[in-house]
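Undergrad: Below are the structure tokens for one structure; questions will follow.
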Amino acid sequence: MTDIFSAIQRSAIRIKDAIDTKDIGYSQQENSSGETQLQLDIKCDMIIEEEFSNVASIHTIASEEKEHAVMLHENGKYFIAYDPLDGSSLIDVNLSVGSIFGIYENAFGAQNMVASCYVVFGPRVEMVFAHNKVKMHLLQGKDFEFVKEIRLNEKGKLNAPGGTQQNWKSYHKEMVDSFFAEGYRLRYSGGMVPDLHQILLKGGGLFSYPATSDKPKGKLRRLFEVFPFAFIFKKAGGEAIDGKEDLMGLAYADIHDTSPCFFGSRYEVQRVKEVYANN
Ligand code: FDP
């Protein structure tokens with residue numbers, strides 16, 4: 001696992017350089033989810049693939065930017081699903097973005113996840129790695145230094161509601177409003193990585209990306225985004241559900257499958273469960 005951790009660190013340093021120095025323009029390519037790919041997405045995907053190619057313990061990779069999984073080393077045991085640059089449309093307005101990695105043993109699937117990791121590219125570059133514990137590291141020069149362990153409180157103060165409100169179900173809107181009525185504050189940038197990072201570091205709250213009328217199966221991808229963050233939230237003492245079920249209990253059929261998702265501390269996720277159980 002140390003070799004994977006180091007490869008992610010090397011990738012993060014190269015991605016930071018790419019963000020800082022490359023022109024950002026729209027390429028002609030579309031990714032498998034039908035979105036126009038930014039050139040920077042492609043560059044970041046290539047960086048990660050290159051770094052992972054040098055790690056013999058990695059059997060197969062799946063990237064949000066590639067239609068199919070790619071086998072790297074026949075004798076490796078880890079399967080890594082990653083989103084090289086999540087929230088990349090936020091780059092041209094200079095908001096934070098991130099990379100997400102789900103590390104699976106022997107095959108993809110939530111039940112096989114053994115570690116997960118994300119990197120936030122903001123004013124600082126921070127990396128959060130969850131194995132037995134959830135640990136945050138800060139990029140200092142060319143090295144990542146351990147900063148602290150992340151633990152969620154029982155209850156937080158932040159509310160990050162994703163998706164187009166016009167397309168929310170009425171009970172979902174009522175639930176979101178009920179948190180605001182209780183004093184929760186809106187914190188939503190539109191980047192999953194910084195939005196969830198904020199909730200993790202500020203002790204708790206709720207991030208939701210529900211099923212909507214335009215996206216009945218949610219928007220966020222199970223293998224690349226949902227399972228990795230579910231693993232992190234649970235290890236940090238919080239919860240992660242699809243409305244009713246634990247996200248880590250969900251299967252996947254296609255590597256690009258999505259799911260509605262709710263991540264938070266226990267108090268807020270309990271409210272989600274109560275509201276969704278009746279709907
Ligand atoms: P983006 O489309 O900019 O890549 O991964 C998808 C994502 O960003 C998440 O980072 C983010 O939380 C979500 O989409 C935002 O979607 P909405 O604008 O629909 O809320």
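Simple scheme: letters A, B, ... for chains in structure tokens order, numbers from 1 for residues in each chain, numbers from 1 for ligands in the order shown.
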Quick one: everything within 12 Å of Ile48 (chain A), counting only C-alpha atoms, minus sequence neighbours fewer than 5 positions away in the same chain. Send it as an MDAnalysis selection string.
TA: chainID A and resid 4 6:15 41:43 53:55 61:65 80:85 99:101
Undergrad: For the residues selected in the previous step, produce a file with N, CA, C and O atoms as a compact mmCIF listing (two decimals), in the first residue's frame.
TA:
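File out10.txt, as written:
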# COMPACT_ATOMS: atom_id res chain seq x y z
N ILE A 4 1.54 2.61 -3.40
CA ILE A 4 0.39 3.29 -4.01
C ILE A 4 0.28 4.71 -3.44
O ILE A 4 0.08 5.68 -4.17
N SER A 6 2.64 6.52 -2.29
CA SER A 6 3.71 7.35 -2.87
C SER A 6 3.38 7.74 -4.31
O SER A 6 3.65 8.86 -4.74
N ALA A 7 2.80 6.82 -5.07
CA ALA A 7 2.45 7.12 -6.47
C ALA A 7 1.38 8.22 -6.52
O ALA A 7 1.41 9.10 -7.39
N ILE A 8 0.44 8.17 -5.58
CA ILE A 8 -0.60 9.22 -5.53
C ILE A 8 0.06 10.56 -5.18
O ILE A 8 -0.27 11.60 -5.75
N GLN A 9 1.00 10.52 -4.27
CA GLN A 9 1.70 11.77 -3.90
C GLN A 9 2.46 12.35 -5.09
O GLN A 9 2.40 13.55 -5.35
N ARG A 10 3.16 11.48 -5.82
CA ARG A 10 3.89 11.97 -7.00
C ARG A 10 2.92 12.54 -8.05
O ARG A 10 3.16 13.58 -8.64
N SER A 11 1.78 11.84 -8.23
CA SER A 11 0.77 12.33 -9.19
C SER A 11 0.27 13.70 -8.75
O SER A 11 0.11 14.60 -9.58
N ALA A 12 0.00 13.84 -7.45
CA ALA A 12 -0.56 15.10 -6.95
C ALA A 12 0.38 16.27 -7.21
O ALA A 12 -0.05 17.36 -7.61
N ILE A 13 1.67 16.03 -7.04
CA ILE A 13 2.64 17.11 -7.27
C ILE A 13 2.66 17.48 -8.75
O ILE A 13 2.68 18.66 -9.12
N ARG A 14 2.57 16.48 -9.62
CA ARG A 14 2.56 16.76 -11.06
C ARG A 14 1.25 17.42 -11.50
O ARG A 14 1.22 18.29 -12.37
N ILE A 15 0.14 17.01 -10.87
CA ILE A 15 -1.16 17.62 -11.22
C ILE A 15 -1.18 19.09 -10.78
O ILE A 15 -1.66 19.97 -11.50
N ASP A 41 -8.18 17.62 -17.75
CA ASP A 41 -8.65 16.31 -17.28
C ASP A 41 -7.81 15.20 -17.91
O ASP A 41 -7.41 14.25 -17.26
N ILE A 42 -7.59 15.35 -19.21
CA ILE A 42 -6.86 14.33 -19.96
C ILE A 42 -5.42 14.26 -19.47
O ILE A 42 -4.87 13.19 -19.23
N LYS A 43 -4.84 15.43 -19.28
CA LYS A 43 -3.45 15.51 -18.81
C LYS A 43 -3.34 14.83 -17.43
O LYS A 43 -2.42 14.03 -17.19
N SER A 53 1.48 2.95 -13.52
CA SER A 53 2.12 1.93 -14.36
C SER A 53 3.41 1.42 -13.74
O SER A 53 3.88 0.32 -14.03
N ASN A 54 4.02 2.25 -12.88
CA ASN A 54 5.29 1.86 -12.25
C ASN A 54 5.09 1.11 -10.93
O ASN A 54 6.06 0.82 -10.24
N VAL A 55 3.85 0.87 -10.56
CA VAL A 55 3.60 0.20 -9.28
C VAL A 55 3.10 -1.23 -9.54
O VAL A 55 1.96 -1.44 -9.98
N ILE A 61 -6.62 -0.45 -13.44
CA ILE A 61 -7.13 0.88 -13.12
C ILE A 61 -8.40 1.16 -13.92
O ILE A 61 -8.58 0.65 -15.03
N ALA A 62 -9.27 1.98 -13.31
CA ALA A 62 -10.44 2.47 -14.03
C ALA A 62 -10.48 3.97 -13.75
O ALA A 62 -10.39 4.38 -12.60
N SER A 63 -10.57 4.76 -14.82
CA SER A 63 -10.59 6.21 -14.63
C SER A 63 -11.94 6.75 -15.07
O SER A 63 -12.54 6.24 -16.02
N GLU A 64 -12.38 7.80 -14.41
CA GLU A 64 -13.63 8.43 -14.82
C GLU A 64 -13.52 8.93 -16.26
O GLU A 64 -14.52 9.07 -16.94
N GLU A 65 -12.31 9.19 -16.71
CA GLU A 65 -12.11 9.70 -18.06
C GLU A 65 -11.95 8.62 -19.12
O GLU A 65 -11.78 8.93 -20.30
N ILE A 80 -7.65 0.02 -8.79
CA ILE A 80 -7.86 1.40 -8.36
C ILE A 80 -8.78 2.13 -9.33
O ILE A 80 -8.55 2.15 -10.55
N ALA A 81 -9.86 2.70 -8.77
CA ALA A 81 -10.77 3.52 -9.57
C ALA A 81 -10.53 4.96 -9.17
O ALA A 81 -10.52 5.27 -7.98
N TYR A 82 -10.33 5.83 -10.13
CA TYR A 82 -10.02 7.21 -9.77
C TYR A 82 -10.69 8.23 -10.68
O TYR A 82 -10.98 7.97 -11.84
N ASP A 83 -10.96 9.37 -10.08
CA ASP A 83 -11.41 10.54 -10.84
C ASP A 83 -10.23 11.50 -10.83
O ASP A 83 -9.90 12.07 -9.78
N PRO A 84 -9.54 11.66 -11.97
CA PRO A 84 -8.28 12.42 -11.96
C PRO A 84 -8.45 13.88 -11.56
O PRO A 84 -7.62 14.44 -10.87
N LEU A 85 -9.53 14.51 -12.01
CA LEU A 85 -9.73 15.92 -11.67
C LEU A 85 -11.22 16.20 -11.53
O LEU A 85 -11.89 16.58 -12.49
N SER A 99 -8.67 15.28 -6.73
CA SER A 99 -8.56 13.94 -7.32
C SER A 99 -9.06 12.95 -6.27
O SER A 99 -8.83 13.15 -5.08
N ILE A 100 -9.73 11.89 -6.73
CA ILE A 100 -10.28 10.89 -5.79
C ILE A 100 -9.82 9.50 -6.22
O ILE A 100 -9.84 9.18 -7.42
N PHE A 101 -9.45 8.67 -5.25
CA PHE A 101 -8.96 7.31 -5.54
C PHE A 101 -9.65 6.29 -4.63
O PHE A 101 -9.62 6.44 -3.41
Undergrad: List the neighbours of Asn112 (chain A) out to 12 Å using only C-alpha atoms; skip same-chain residues closer than 2 positions along the sequence, and give me the result as a ChimeraX atom specification.
TA: /A:77-81,102-110,114-116,223,227-228,231,248-251
Undergrad: Write out as CSV a residue-level contact list of chain A versus ligand 1 with cut-off 8 Å: for each qualifying residue the closest pair of atoms and the distance in Å to one decimal, counting only C-alpha atoms and all ligand atoms, rows sorted by chain and residue number upward.
TA:
residue,atom,partner,partner_atom_place_in_ligand_line,distance
A:Leu85,CA,ligand 1,4 (O),7.6
A:Asp86,CA,ligand 1,4 (O),4.7
A:Gly87,CA,ligand 1,3 (O),3.4
A:Ser88,CA,ligand 1,3 (O),5.5
A:Ser89,CA,ligand 1,3 (O),5.0
A:Leu90,CA,ligand 1,3 (O),6.4
A:Val97,CA,ligand 1,10 (O),7.8
A:Pro161,CA,ligand 1,20 (O),7.5
A:Gly162,CA,ligand 1,20 (O),4.0
A:Gly163,CA,ligand 1,20 (O),3.9
A:Thr164,CA,ligand 1,19 (O),5.8
A:Ser189,CA,ligand 1,12 (O),7.9
A:Gly190,CA,ligand 1,15 (C),4.4
A:Gly191,CA,ligand 1,10 (O),3.8
A:Met192,CA,ligand 1,12 (O),3.4
A:Val193,CA,ligand 1,10 (O),6.3
A:Asp195,CA,ligand 1,12 (O),7.3
A:Tyr209,CA,ligand 1,20 (O),7.3
A:Lys219,CA,ligand 1,14 (O),6.8
A:Leu220,CA,ligand 1,5 (O),5.7
A:Arg221,CA,ligand 1,5 (O),7.4
A:Glu225,CA,ligand 1,5 (O),7.2
Undergrad: According to DSSP computed on the backbone, where in region 34-63 of chain A is there strand (DSSP E or B)? Give the residues as a PDB file with C-alpha atoms, in the first residue's frame.
TA:
ATOM      1  CA  THR A  36     -16.938  17.639 -22.752  1.00  0.00           C
ATOM      2  CA  GLN A  37     -13.489  16.865 -21.417  1.00  0.00           C
ATOM      3  CA  LEU A  38     -11.160  19.636 -20.518  1.00  0.00           C
ATOM      4  CA  ILE A  58      -1.645  -2.476  -9.095  1.00  0.00           C
ATOM      5  CA  HIS A  59      -3.539  -4.969 -11.218  1.00  0.00           C
ATOM      6  CA  THR A  60      -6.134  -2.768 -12.945  1.00  0.00           C
ATOM      7  CA  ILE A  61      -7.132   0.883 -13.118  1.00  0.00           C
ATOM      8  CA  ALA A  62     -10.439   2.475 -14.032  1.00  0.00           C
ATOM      9  CA  SER A  63     -10.588   6.208 -14.633  1.00  0.00           C
TER      10      SER A  63
END
Undergrad: At what distance in Å, to one decimal, does CA of Cys261 (chain A) lie from CA of Thr212 (chain A)?
TA: 11.5 Å
Undergrad: Go through A:Asp177, A:His197, A:Asp214, A:Ala160 one by one, measure the shortest atom-to-atom distance of each to Phe262 (chain A) using only C-alpha atoms, and give the residue with the smallest value.
TA: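 Closest to Phe262 (chain A) of all the choices is A:Ala160.
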Undergrad: Which is closest to Ala130 (chain A) among A:Lys217, A:Lys234, A:His73, A:Arg187, if we use only C-alpha atoms?
TA: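 Once distances to Ala130 (chain A) are computed over only C-alpha atoms, the minimum belongs to A:Lys234.
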Undergrad: Under the rule that only C-alpha atoms are counted, which of A:His172, A:Gly264, A:Ile19, A:Gly205 is the nearest residue to Asn278 (chain A)?
TA: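 For Asn278 (chain A), the nearest of the candidates is A:His172.
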Undergrad: Tell me, as a ChimeraX atom specification, which residues lie within 7 Å of Lys155 (chain A), counting only C-alpha atoms; anything in the same chain fewer than 2 positions away does not count.
TA: /A:153,204-205,265-268
Undergrad: Find the spatial neighbours of Arg222 (chain A), counting only C-alpha atoms, within a cut-off of 6 Å - ignore same-chain residues fewer than 4 positions away - and output them as number ranges by chain.
TA: A: 226-227, 257-258
